[in-house]
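J.: Coordinates in upload_14.tsv, TSV, C-alpha atoms, are listed below.
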chain	number	residue	atom	x	y	z
A	1	MET	CA	0.00	0.00	0.00
A	2	TYR	CA	1.38	3.37	-1.04
A	3	TYR	CA	1.02	6.50	1.07
A	4	CYS	CA	1.82	9.78	-0.60
A	5	ILE	CA	3.34	11.50	2.44
A	6	MET	CA	5.53	14.53	2.31
A	7	LYS	CA	6.83	16.22	5.36
A	8	ASN	CA	10.21	17.12	3.96
A	9	GLU	CA	10.55	20.87	3.51
A	10	LEU	CA	13.28	20.43	0.93
A	11	LEU	CA	11.05	18.23	-1.15
A	12	LYS	CA	8.20	20.67	-0.78
A	13	GLY	CA	10.40	23.41	-2.22
A	14	THR	CA	11.10	21.34	-5.29
A	15	LEU	CA	7.47	20.44	-5.83
A	16	LYS	CA	6.97	23.37	-8.21
A	17	THR	CA	9.79	22.11	-10.39
A	18	ILE	CA	8.46	18.57	-10.32
A	19	LEU	CA	4.94	19.63	-11.30
A	20	LEU	CA	6.06	22.00	-14.07
A	21	ASN	CA	8.30	19.35	-15.57
A	22	LEU	CA	5.71	16.65	-15.33
A	23	LEU	CA	3.20	18.83	-17.13
A	24	GLU	CA	5.80	19.74	-19.74
A	25	LYS	CA	6.30	16.08	-20.53
A	26	GLU	CA	2.75	14.80	-20.13
A	27	GLY	CA	0.81	17.78	-21.38
A	28	GLU	CA	-2.61	17.82	-19.71
A	29	MET	CA	-3.09	16.23	-16.28
A	30	TYR	CA	-5.47	16.34	-13.35
A	31	GLY	CA	-4.59	16.25	-9.67
A	32	TYR	CA	-4.99	12.57	-8.91
A	33	GLU	CA	-3.22	11.65	-12.14
A	34	ILE	CA	-0.24	13.84	-11.21
A	35	CYS	CA	-0.12	12.23	-7.80
A	36	GLN	CA	-0.06	8.75	-9.30
A	37	LYS	CA	2.59	9.76	-11.85
A	38	VAL	CA	4.88	11.20	-9.18
A	39	LYS	CA	4.43	8.01	-7.22
A	40	ASP	CA	5.28	5.82	-10.26
A	41	LEU	CA	8.24	7.91	-11.41
A	42	SER	CA	9.80	8.08	-7.99
A	43	GLU	CA	9.41	4.31	-7.69
A	44	GLU	CA	7.39	5.03	-4.57
A	45	LYS	CA	10.36	6.56	-2.87
A	46	LEU	CA	9.08	10.12	-2.93
A	47	LEU	CA	6.73	10.50	-0.04
A	48	ILE	CA	4.38	13.44	-0.33
A	49	THR	CA	0.86	13.74	1.06
A	50	GLU	CA	-1.57	13.71	-1.83
A	51	GLY	CA	-3.17	16.95	-0.74
A	52	ALA	CA	0.16	18.77	-0.84
A	53	LEU	CA	-0.04	18.94	-4.63
A	54	TYR	CA	-3.04	21.17	-4.67
A	55	PRO	CA	-1.78	24.29	-2.91
A	56	THR	CA	1.23	24.21	-5.24
A	57	LEU	CA	-0.92	23.69	-8.33
A	58	HIS	CA	-3.14	26.57	-7.28
A	59	LYS	CA	-0.11	28.80	-6.77
A	60	LEU	CA	1.25	27.94	-10.22
A	61	GLU	CA	-2.17	28.59	-11.67
A	62	ALA	CA	-2.34	31.96	-9.94
A	63	GLU	CA	1.10	32.84	-11.31
A	64	GLY	CA	-0.32	32.29	-14.75
A	65	TRP	CA	2.04	29.44	-15.53
A	66	LEU	CA	-0.73	26.89	-15.87
A	67	ASN	CA	-3.80	26.73	-18.00
A	68	VAL	CA	-6.87	25.22	-16.45
A	69	LYS	CA	-9.63	23.30	-18.15
A	70	LYS	CA	-12.66	21.77	-16.48
A	71	LYS	CA	-14.28	18.68	-17.84
A	72	LYS	CA	-17.48	17.03	-16.70
A	73	VAL	CA	-16.98	13.37	-16.08
A	74	GLY	CA	-20.36	11.96	-15.19
A	75	LYS	CA	-21.42	14.03	-12.22
A	76	ARG	CA	-17.84	14.80	-11.26
A	77	THR	CA	-15.95	17.84	-12.43
A	78	ARG	CA	-12.34	17.18	-13.29
A	79	LYS	CA	-9.82	19.99	-13.36
A	80	TYR	CA	-7.05	19.56	-15.92
A	81	TYR	CA	-3.79	21.44	-15.73
A	82	SER	CA	-1.38	22.17	-18.54
A	83	LEU	CA	1.55	24.54	-19.03
A	84	SER	CA	0.64	27.95	-20.28
A	85	ARG	CA	2.74	29.86	-22.80
A	86	LYS	CA	4.11	31.82	-19.88
A	87	GLY	CA	4.77	28.62	-17.91
A	88	LYS	CA	6.77	26.74	-20.56
A	89	PRO	CA	10.04	28.74	-20.28
A	90	ILE	CA	9.59	28.75	-16.52
A	91	ALA	CA	9.48	24.96	-16.49
A	92	VAL	CA	12.73	24.79	-18.51
A	93	GLN	CA	14.38	27.42	-16.34
A	94	LYS	CA	13.32	25.75	-13.09
A	95	LEU	CA	14.65	22.38	-14.27
A	96	ARG	CA	17.98	23.93	-15.27
A	97	GLU	CA	18.21	25.74	-11.93
A	98	PHE	CA	17.48	22.50	-10.09
A	99	GLN	CA	20.03	20.55	-12.10
A	100	GLU	CA	22.63	23.23	-11.40
A	101	TYR	CA	21.68	23.04	-7.75
A	102	ILE	CA	22.16	19.30	-7.72
A	103	GLU	CA	25.50	19.65	-9.50
A	104	THR	CA	26.59	22.26	-7.00
A	105	MET	CA	25.46	20.02	-4.15
A	106	ASN	CA	27.42	17.19	-5.76
A	107	LEU	CA	30.49	19.39	-5.93
A	108	ILE	CA	30.15	20.18	-2.26
A	109	LEU	CA	29.11	16.79	-1.00
A	110	GLN	CA	31.18	14.64	-3.34
A	111	PRO	CA	34.28	16.73	-4.09
A	112	LYS	CA	36.47	15.38	-6.84
A	113	THR	CA	39.75	14.11	-5.45
A	114	ALA	CA	42.99	15.56	-6.77
A	115	LYS	CA	43.57	12.24	-8.42
A	116	SER	CA	40.62	12.45	-10.75
B	1	MET	CA	-16.29	-0.02	-7.88
B	2	ASN	CA	-18.23	3.23	-8.21
B	3	MET	CA	-19.42	5.22	-5.23
B	4	ASN	CA	-23.15	5.79	-5.18
B	5	GLU	CA	-24.72	9.20	-4.95
B	6	THR	CA	-25.33	9.01	-1.21
B	7	GLN	CA	-21.70	8.08	-0.59
B	8	ILE	CA	-20.52	11.03	-2.71
B	9	MET	CA	-22.87	13.31	-0.84
B	10	PHE	CA	-21.44	12.01	2.42
B	11	LEU	CA	-17.90	12.73	1.24
B	12	GLU	CA	-19.00	16.18	0.13
B	13	TYR	CA	-20.48	16.75	3.56
B	14	ILE	CA	-17.19	15.80	5.24
B	15	LEU	CA	-15.32	18.29	3.04
B	16	GLU	CA	-17.78	21.02	3.86
B	17	GLN	CA	-17.23	20.27	7.55
B	18	LYS	CA	-13.54	20.87	6.93
B	19	GLY	CA	-14.34	24.27	5.50
B	20	ILE	CA	-14.04	23.31	1.84
B	21	LYS	CA	-17.08	25.17	0.58
B	22	ASN	CA	-15.79	26.90	-2.51
B	23	PRO	CA	-17.36	24.84	-5.30
B	24	GLU	CA	-14.27	24.95	-7.50
B	25	ILE	CA	-11.97	23.61	-4.79
B	26	LYS	CA	-14.56	21.20	-3.46
B	27	ASP	CA	-15.11	19.64	-6.90
B	28	GLU	CA	-11.39	19.15	-7.38
B	29	ILE	CA	-10.74	17.54	-4.00
B	30	LEU	CA	-13.89	15.50	-4.28
B	31	ASP	CA	-12.73	14.14	-7.63
B	32	HIS	CA	-9.37	13.25	-6.10
B	33	LEU	CA	-10.84	11.54	-3.04
B	34	ILE	CA	-13.40	9.58	-5.06
B	35	PHE	CA	-10.54	8.06	-7.08
B	36	GLY	CA	-8.80	6.90	-3.91
B	37	VAL	CA	-11.92	5.71	-2.11
B	38	GLU	CA	-13.18	3.77	-5.13
B	39	LYS	CA	-9.76	2.13	-5.54
B	40	ARG	CA	-9.78	1.03	-1.90
B	41	MET	CA	-13.36	-0.20	-2.14
B	42	GLU	CA	-12.27	-2.28	-5.16
B	43	ASN	CA	-9.63	-3.76	-2.89
B	44	GLY	CA	-12.34	-4.80	-0.47
B	45	ILE	CA	-12.10	-2.00	2.01
B	46	LEU	CA	-15.42	-0.77	3.41
B	47	PHE	CA	-16.64	2.66	2.36
B	48	HIS	CA	-16.29	4.29	5.77
B	49	ASP	CA	-12.79	2.92	6.30
B	50	ALA	CA	-11.79	3.91	2.76
B	51	ILE	CA	-12.94	7.47	3.37
B	52	LYS	CA	-11.02	7.64	6.63
B	53	ILE	CA	-7.80	6.41	5.02
B	54	GLU	CA	-8.08	8.71	2.00
B	55	ILE	CA	-8.76	11.81	4.05
B	56	ASP	CA	-5.80	10.97	6.30
B	57	ASN	CA	-3.65	10.46	3.20
B	58	PHE	CA	-4.77	13.77	1.77
B	59	GLY	CA	-3.44	15.35	4.92
B	60	GLU	CA	-5.37	17.48	7.38
B	61	ASP	CA	-2.81	20.27	6.99
B	62	ASN	CA	-3.34	20.33	3.25
B	63	PHE	CA	-7.02	21.18	3.61
B	64	LYS	CA	-6.03	24.19	5.66
B	65	GLU	CA	-3.23	25.10	3.27
B	66	ILE	CA	-5.48	24.93	0.25
B	67	LEU	CA	-7.94	27.27	1.95
B	68	GLU	CA	-5.25	29.71	3.11
B	69	ASN	CA	-3.62	29.58	-0.27
B	70	ARG	CA	-6.91	30.29	-1.91
B	71	ARG	CA	-7.44	33.33	0.29
B	72	MET	CA	-3.97	34.64	-0.45
B	73	ILE	CA	-4.36	34.12	-4.17
B	74	PHE	CA	-7.73	35.80	-4.00
B	75	ARG	CA	-6.24	38.79	-2.18
B	76	LYS	CA	-3.36	38.98	-4.63
B	77	LYS	CA	-5.77	38.75	-7.51
B	78	ASN	CA	-7.87	41.51	-6.02
B	79	LYS	CA	-4.78	43.62	-5.53
B	80	LYS	CA	-3.73	42.94	-9.09
B	81	ILE	CA	-7.18	43.74	-10.37
B	82	LEU	CA	-7.28	46.94	-8.33
B	83	LEU	CA	-3.83	47.92	-9.56
B	84	ARG	CA	-4.84	47.14	-13.09
B	85	ILE	CA	-8.00	49.18	-12.72
B	86	ALA	CA	-5.98	52.04	-11.23
B	87	ALA	CA	-3.41	51.82	-14.03
B	88	THR	CA	-6.14	51.68	-16.63
B	89	LEU	CA	-7.85	54.63	-15.04
B	90	ILE	CA	-4.62	56.62	-15.01
B	91	PHE	CA	-4.06	55.72	-18.62
B	92	ILE	CA	-7.54	56.44	-19.83
B	93	PHE	CA	-8.19	59.36	-17.50
B	94	PRO	CA	-7.07	62.01	-19.98
B	95	ILE	CA	-9.11	60.35	-22.68
B	96	LEU	CA	-12.07	60.06	-20.35
B	97	ALA	CA	-11.66	63.64	-19.23
B	98	MET	CA	-11.54	64.76	-22.83
B	99	LEU	CA	-14.53	62.63	-23.66
B	100	ILE	CA	-16.40	63.97	-20.68
B	101	PHE	CA	-15.37	67.51	-21.54
B	102	TYR	CA	-16.41	67.23	-25.14
B	103	GLY	CA	-19.38	65.14	-24.17
B	104	ASN	CA	-20.46	67.85	-21.79
B	105	LYS	CA	-19.83	70.45	-24.40
B	106	ASN	CA	-21.94	68.46	-26.77
B	107	THR	CA	-24.59	67.89	-24.17
B	108	GLN	CA	-24.38	71.53	-23.22
B	109	GLU	CA	-24.85	72.43	-26.84
B	110	ASN	CA	-27.58	69.90	-26.97
B	111	ASN	CA	-29.01	71.33	-23.79
B	112	VAL	CA	-28.86	74.81	-25.21
B	113	ALA	CA	-30.51	73.54	-28.34
B	114	LYS	CA	-32.97	71.62	-26.24
B	115	SER	CA	-33.70	74.57	-23.98
B	116	ASN	CA	-34.09	76.74	-27.03
B	117	GLN	CA	-36.48	74.20	-28.38
B	118	LYS	CA	-38.12	74.10	-24.97
B	119	ILE	CA	-38.42	77.87	-24.90
B	120	LYS	CA	-39.87	77.72	-28.37
B	121	ASN	CA	-42.22	75.01	-27.27
B	122	LYS	CA	-43.01	76.92	-24.10
B	123	ASN	CA	-43.66	80.02	-26.10
B	124	ALA	CA	-45.77	78.05	-28.42
B	125	VAL	CA	-47.64	76.64	-25.47
B	126	ASN	CA	-47.91	80.04	-23.87
B	127	ILE	CA	-49.11	81.59	-27.04
B	128	THR	CA	-51.72	78.94	-27.44
B	129	ASN	CA	-52.54	79.38	-23.78
B	130	ILE	CA	-52.79	83.10	-24.25
B	131	ASN	CA	-54.93	82.50	-27.24
B	132	ASP	CA	-57.04	80.24	-25.13
B	133	GLU	CA	-57.15	82.78	-22.38
B	134	TYR	CA	-57.95	85.44	-24.88
B	135	SER	CA	-60.77	83.53	-26.34
B	136	PHE	CA	-61.80	82.72	-22.81
B	137	ALA	CA	-61.32	86.29	-21.70
B	138	GLU	CA	-63.10	87.95	-24.54
B	139	GLY	CA	-66.23	86.13	-23.74
B	140	THR	CA	-65.86	85.75	-20.06
B	141	TRP	CA	-64.21	88.96	-18.99
B	142	LYS	CA	-66.92	91.00	-20.67
B	143	GLU	CA	-69.50	89.10	-18.73
B	144	VAL	CA	-67.49	89.42	-15.55
B	145	ALA	CA	-66.95	93.12	-16.15
B	146	VAL	CA	-70.62	93.69	-16.79
B	147	SER	CA	-71.66	91.71	-13.78
B	148	LEU	CA	-69.05	93.46	-11.65
B	149	LYS	CA	-70.23	96.81	-12.94
B	150	ASN	CA	-73.78	95.87	-12.19
B	151	MET	CA	-72.80	94.66	-8.76
B	152	GLU	CA	-70.24	97.15	-7.57
B	153	GLU	CA	-71.11	100.21	-9.54
B	154	PRO	CA	-74.75	101.00	-9.44
B	155	PRO	CA	-76.18	101.93	-12.82
B	156	ILE	CA	-75.73	105.65	-13.27
B	157	ILE	CA	-78.36	107.55	-15.21
B	158	PHE	CA	-78.16	111.07	-16.52
B	159	PRO	CA	-78.68	113.25	-13.44
B	160	LEU	CA	-81.02	115.73	-15.05
B	161	LYS	CA	-84.56	115.48	-16.33
B	162	GLY	CA	-84.22	116.01	-20.03
B	163	GLU	CA	-81.22	116.18	-22.35
B	164	PHE	CA	-78.56	118.78	-21.77
B	165	PRO	CA	-75.05	119.26	-23.06
B	166	ILE	CA	-71.92	118.43	-21.14
B	167	VAL	CA	-69.92	121.65	-21.29
B	168	ALA	CA	-66.92	120.64	-19.29
B	169	THR	CA	-65.40	117.21	-19.25
B	170	PHE	CA	-63.51	115.25	-16.63
B	171	GLY	CA	-59.77	115.91	-16.29
B	172	GLN	CA	-57.37	118.81	-16.49
B	173	ARG	CA	-58.75	122.11	-17.52
B	174	ARG	CA	-58.46	125.81	-16.82
B	175	HIS	CA	-60.61	126.77	-13.86
B	176	PRO	CA	-63.38	129.08	-15.04
B	177	VAL	CA	-63.27	131.26	-11.96
B	178	LYS	CA	-59.73	130.96	-10.60
B	179	LYS	CA	-58.23	130.83	-14.11
B	180	ASP	CA	-55.53	128.31	-13.39
B	181	ILE	CA	-55.00	124.73	-14.48
B	182	ARG	CA	-56.85	122.43	-12.19
B	183	PHE	CA	-58.03	118.89	-12.28
B	184	HIS	CA	-61.75	118.82	-12.96
B	185	LYS	CA	-63.09	116.12	-10.76
B	186	GLY	CA	-66.37	115.69	-12.60
B	187	ILE	CA	-68.44	116.97	-15.50
B	188	ASP	CA	-70.42	120.16	-15.95
B	189	ILE	CA	-73.85	119.90	-17.55
B	190	LYS	CA	-75.30	123.13	-18.82
B	191	ALA	CA	-79.03	123.49	-18.12
B	192	PRO	CA	-81.49	126.32	-17.48
B	193	LEU	CA	-81.93	127.50	-13.89
B	194	GLY	CA	-84.47	125.35	-12.05
B	195	THR	CA	-84.05	122.25	-14.22
B	196	LEU	CA	-84.80	119.23	-12.09
B	197	VAL	CA	-81.80	117.23	-10.85
B	198	VAL	CA	-82.42	113.52	-10.24
B	199	ALA	CA	-80.59	110.84	-8.34
B	200	ALA	CA	-78.28	109.01	-10.75
B	201	SER	CA	-78.80	105.75	-8.92
B	202	ASP	CA	-80.47	104.14	-5.94
B	203	GLY	CA	-79.00	105.13	-2.61
B	204	LYS	CA	-79.16	107.23	0.50
B	205	ILE	CA	-78.52	110.93	0.93
B	206	LYS	CA	-75.17	111.06	2.63
B	207	MET	CA	-74.72	114.79	2.83
B	208	VAL	CA	-76.64	117.96	2.07
B	209	LYS	CA	-74.59	121.12	2.27
B	210	ASP	CA	-75.06	124.78	1.51
B	211	GLN	CA	-71.79	126.63	1.21
B	212	GLU	CA	-70.77	129.97	-0.30
B	213	THR	CA	-67.71	128.68	-2.09
B	214	GLY	CA	-66.77	125.58	-4.06
B	215	TYR	CA	-69.71	123.29	-4.72
B	216	GLY	CA	-72.22	125.78	-3.32
B	217	LYS	CA	-75.47	124.01	-2.51
B	218	HIS	CA	-74.68	120.38	-3.12
B	219	ILE	CA	-75.85	116.85	-2.39
B	220	ILE	CA	-73.82	113.67	-1.94
B	221	ILE	CA	-75.63	110.36	-2.43
B	222	GLU	CA	-74.13	107.15	-1.12
B	223	HIS	CA	-74.97	104.20	-3.33
B	224	ASP	CA	-72.97	101.64	-1.39
B	225	ASP	CA	-70.03	101.59	1.02
B	226	SER	CA	-67.54	102.91	-1.49
B	227	PHE	CA	-69.56	104.53	-4.26
B	228	THR	CA	-70.93	108.05	-4.16
B	229	THR	CA	-72.23	110.73	-6.52
B	230	LEU	CA	-72.09	114.49	-6.01
B	231	TYR	CA	-74.40	117.18	-7.38
B	232	GLY	CA	-73.11	120.74	-7.09
B	233	HIS	CA	-74.06	124.42	-7.65
B	234	LEU	CA	-77.75	123.77	-6.99
B	235	SER	CA	-80.32	126.47	-6.46
B	236	GLU	CA	-82.57	124.27	-4.39
B	237	ILE	CA	-82.12	121.05	-2.39
B	238	LEU	CA	-85.26	118.94	-2.13
B	239	VAL	CA	-83.97	116.06	0.05
B	240	GLU	CA	-82.68	115.57	3.56
B	241	GLU	CA	-79.70	113.70	4.87
B	242	ASN	CA	-80.14	109.92	5.40
B	243	GLN	CA	-83.15	109.93	3.12
B	244	GLU	CA	-83.48	106.82	1.00
B	245	ILE	CA	-83.63	107.67	-2.64
B	246	LYS	CA	-84.45	105.82	-5.85
B	247	SER	CA	-82.80	106.25	-9.17
B	248	GLY	CA	-84.40	109.09	-11.16
B	249	GLU	CA	-86.11	110.73	-8.16
B	250	VAL	CA	-85.84	114.49	-8.03
B	251	ILE	CA	-83.36	115.74	-5.45
B	252	GLY	CA	-82.87	119.41	-6.34
B	253	LYS	CA	-82.80	122.15	-8.95
B	254	ILE	CA	-80.11	123.59	-11.19
B	255	GLY	CA	-78.45	126.71	-9.87
B	256	THR	CA	-75.20	128.60	-9.90
B	257	SER	CA	-74.31	128.54	-6.21
B	258	GLY	CA	-70.68	128.37	-5.06
B	259	ALA	CA	-67.83	128.85	-7.50
B	260	SER	CA	-70.06	129.13	-10.54
B	261	VAL	CA	-70.73	131.78	-13.10
B	262	LEU	CA	-73.59	130.17	-15.03
B	263	PRO	CA	-76.41	127.80	-14.08
B	264	HIS	CA	-75.07	124.28	-14.48
B	265	LEU	CA	-74.75	120.97	-12.66
B	266	HIS	CA	-71.37	119.79	-11.50
B	267	PHE	CA	-71.63	116.04	-11.32
B	268	GLU	CA	-69.02	113.74	-9.73
B	269	ILE	CA	-68.74	110.02	-9.24
B	270	ARG	CA	-66.40	108.83	-6.48
B	271	LYS	CA	-65.33	105.37	-5.75
B	272	GLU	CA	-63.37	104.96	-2.52
B	273	ASN	CA	-62.65	108.69	-2.61
B	274	VAL	CA	-61.21	108.52	-6.13
B	275	ASN	CA	-62.98	110.55	-8.72
B	276	LEU	CA	-64.04	108.68	-11.84
B	277	ASN	CA	-65.00	110.02	-15.23
B	278	PRO	CA	-68.83	110.16	-15.08
B	279	GLU	CA	-69.10	110.09	-18.84
B	280	LYS	CA	-67.82	106.53	-18.77
B	281	TYR	CA	-70.46	105.46	-16.29
B	282	ILE	CA	-73.55	107.27	-17.35
B	283	GLN	CA	-75.88	104.89	-19.07
B	284	LEU	CA	-77.67	106.70	-21.80
Would you mind writing the file out in structure tokens?
T.:
Amino acid sequence: MYYCIMKNELLKGTLKTILLNLLEKEGEMYGYEICQKVKDLSEEKLLITEGALYPTLHKLEAEGWLNVKKKKVGKRTRKYYSLSRKGKPIAVQKLREFQEYIETMNLILQPKTAKS
Amino acid sequence: MNMNETQIMFLEYILEQKGIKNPEIKDEILDHLIFGVEKRMENGILFHDAIKIEIDNFGEDNFKEILENRRMIFRKKNKKILLRIAATLIFIFPILAMLIFYGNKNTQENNVAKSNQKIKNKNAVNITNINDEYSFAEGTWKEVAVSLKNMEEPPIIFPLKGEFPIVATFGQRRHPVKKDIRFHKGIDIKAPLGTLVVAASDGKIKMVKDQETGYGKHIIIEHDDSFTTLYGHLSEILVEENQEIKSGEVIGKIGTSGASVLPHLHFEIRKENVNLNPEKYIQL
């Protein structure tokens, strides 16, 4: 049984980057779908509470980086998110920033020995 | 395994209890939770247990965060909207001002035109009203005047028995005795000495006086509270004070008493102590 639990502040900070990149790759997604995808991609190692996605999604939406579409599915209303024109370069930029961050962290945490 | 309507309503109710009332947010979370609950129910977990697990998984803190977030976004949006409105206003203010200015000018011009039209209309209305009043007046005022005359001014008849010429009219003239310009307060009717003088209208003898100067022997008849007639320069007075008199009854005889050089009748009509032109009142 998988529990999407996230208490890690560091992880929470990177959630924006994760969501933007996921949407860049997948196109249009709804909340539950995103949650499942994160779970699958992280091989169930990334523990975030399911609900934690939504405040971040709403923030991204408010920034104007996401487009929102509502679809009626039976009696349920499903909210689909996708990158907006404004959000696309942001997604690329955020990914690059994060990669640079990881590289920097690698430099600090795993310094190359004089030998190599 | 699909949740039935009652179960969805129950889940909705739980969300509302947690403060998720905004329909947009509620729909989204509901959709998410239904996925999870239905999946668990497929795995043989009872509805109530499934709900409990899914809500726990969603995270109590996240409900609060979503709501707070929403409020913040809303505030930001409002701020943005306000700023945008302000910016727009600043940008379009000159245009608006110009529009308003010219608009006003136009409306002022229009107003002027309108008021002109109004005045024209008013005039037209007034004219028609006047015309109406005129047509009304011409008929009515005559009647009113006649009735008023009949009521307020007793019918005045010629104050002598027989026909005699008026030798001096009402108004300014040279005084025959004193030889200066004076206002003649009545008319002079030339008649032979002893010609009978009659009351010009019904009334009461107000005054009978015999004096050397001025009117000489003269009579004043009161026809009502404000209307009197005077008969001057008589040779004989045939009535007494307070005597009731009828129109045409003899009251005296022509003479030349007082400031007079020839036998004649000086006849006055007074209304509220203002002398009127007897010629205008004598009904022939």
J.: Counting all atoms listed in the file, which residues from chain A have an atom at most 6 Å from any atom of chain B, and could you show them as JSON, numbers by chain?
T.: {"A": [32, 49, 50, 51, 52, 55, 77]}
J.: What is the CA of Lys206 in chain B to CA of His175 in chain B distance in Å?
T.: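 Computed distance, CA of Lys206 in chain B to CA of His175 in chain B, equals 27.0 Å.
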J.: Restricting the calculation to all atoms listed in the file, which member of A:Lys75, A:Leu23, A:Lys16, A:Lys88 is positioned closest to Tyr54 in chain A?
T.: A:Lys16
J.: Give me the residues within 10 Å of Met29 in chain A as a PyMOL selection string, counting all atoms listed in the file and dropping any in the same chain fewer than 4 places off.
T.: chain A and resi 22-23+33-35+37+68-69+78-83
J.: Kindly give the distance, in Å, that separates CA of Val167 in chain B and CA of Lys190 in chain B, rounded to a single decimal.
T.: 6.1 Å
J.: Which polymer residues have any atom within 9 Å of an atom of range 92-106 of chain A, counting all atoms listed in the file, with same-chain residues fewer than 6 positions away left out, as a VMD selection string?
T.: chain A and resid 14 16 to 18 20 to 21 24
J.: Please determine an axis-aligned box that encloses all atoms of range 77-87 of chain A listed in the file, with 5 Å added on each side, and express its centre and edge lengths in Å to one decimal as JSON.
T.:
{"center_x": -5.6, "center_y": 24.5, "center_z": -17.6, "size_x": 30.7, "size_y": 24.6, "size_z": 20.4}
J.: Could you jot down the CA of Tyr231 in chain B to CA of Asp180 in chain B separation for me, Å, one decimal place?
T.: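 Answer for the CA of Tyr231 in chain B to CA of Asp180 in chain B separation: 22.7 Å.
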J.: Just range 42-53 of chain B from the block, N, CA, C and O atoms, as a compact mmCIF listing (two decimals), in the first residue's frame, could you?
T.:
# COMPACT_ATOMS: atom_id res chain seq x y z
N GLU B 42 -12.55 -1.18 -4.23
CA GLU B 42 -12.27 -2.28 -5.16
C GLU B 42 -11.38 -3.34 -4.50
O GLU B 42 -11.47 -4.53 -4.79
N ASN B 43 -10.51 -2.85 -3.61
CA ASN B 43 -9.63 -3.76 -2.89
C ASN B 43 -10.29 -4.36 -1.65
O ASN B 43 -9.60 -4.90 -0.78
N GLY B 44 -11.60 -4.16 -1.53
CA GLY B 44 -12.34 -4.80 -0.47
C GLY B 44 -12.41 -4.04 0.84
O GLY B 44 -12.82 -4.57 1.86
N ILE B 45 -12.01 -2.80 0.79
CA ILE B 45 -12.10 -2.00 2.01
C ILE B 45 -13.48 -1.33 2.06
O ILE B 45 -13.99 -0.85 1.05
N LEU B 46 -14.08 -1.34 3.24
CA LEU B 46 -15.42 -0.77 3.41
C LEU B 46 -15.40 0.74 3.19
O LEU B 46 -14.40 1.42 3.45
N PHE B 47 -16.51 1.24 2.70
CA PHE B 47 -16.64 2.66 2.36
C PHE B 47 -16.14 3.59 3.45
O PHE B 47 -15.32 4.48 3.20
N HIS B 48 -16.64 3.38 4.68
CA HIS B 48 -16.29 4.29 5.77
C HIS B 48 -14.81 4.25 6.09
O HIS B 48 -14.20 5.29 6.32
N ASP B 49 -14.24 3.06 6.05
CA ASP B 49 -12.79 2.92 6.30
C ASP B 49 -12.00 3.58 5.19
O ASP B 49 -11.01 4.27 5.45
N ALA B 50 -12.46 3.34 3.94
CA ALA B 50 -11.79 3.91 2.76
C ALA B 50 -11.73 5.43 2.85
O ALA B 50 -10.69 6.05 2.62
N ILE B 51 -12.88 6.01 3.22
CA ILE B 51 -12.94 7.47 3.37
C ILE B 51 -11.94 7.95 4.40
O ILE B 51 -11.20 8.92 4.19
N LYS B 52 -11.90 7.26 5.53
CA LYS B 52 -11.02 7.64 6.63
C LYS B 52 -9.56 7.64 6.17
O LYS B 52 -8.82 8.60 6.38
N ILE B 53 -9.19 6.54 5.49
CA ILE B 53 -7.80 6.41 5.02
C ILE B 53 -7.45 7.51 4.01
O ILE B 53 -6.42 8.17 4.11
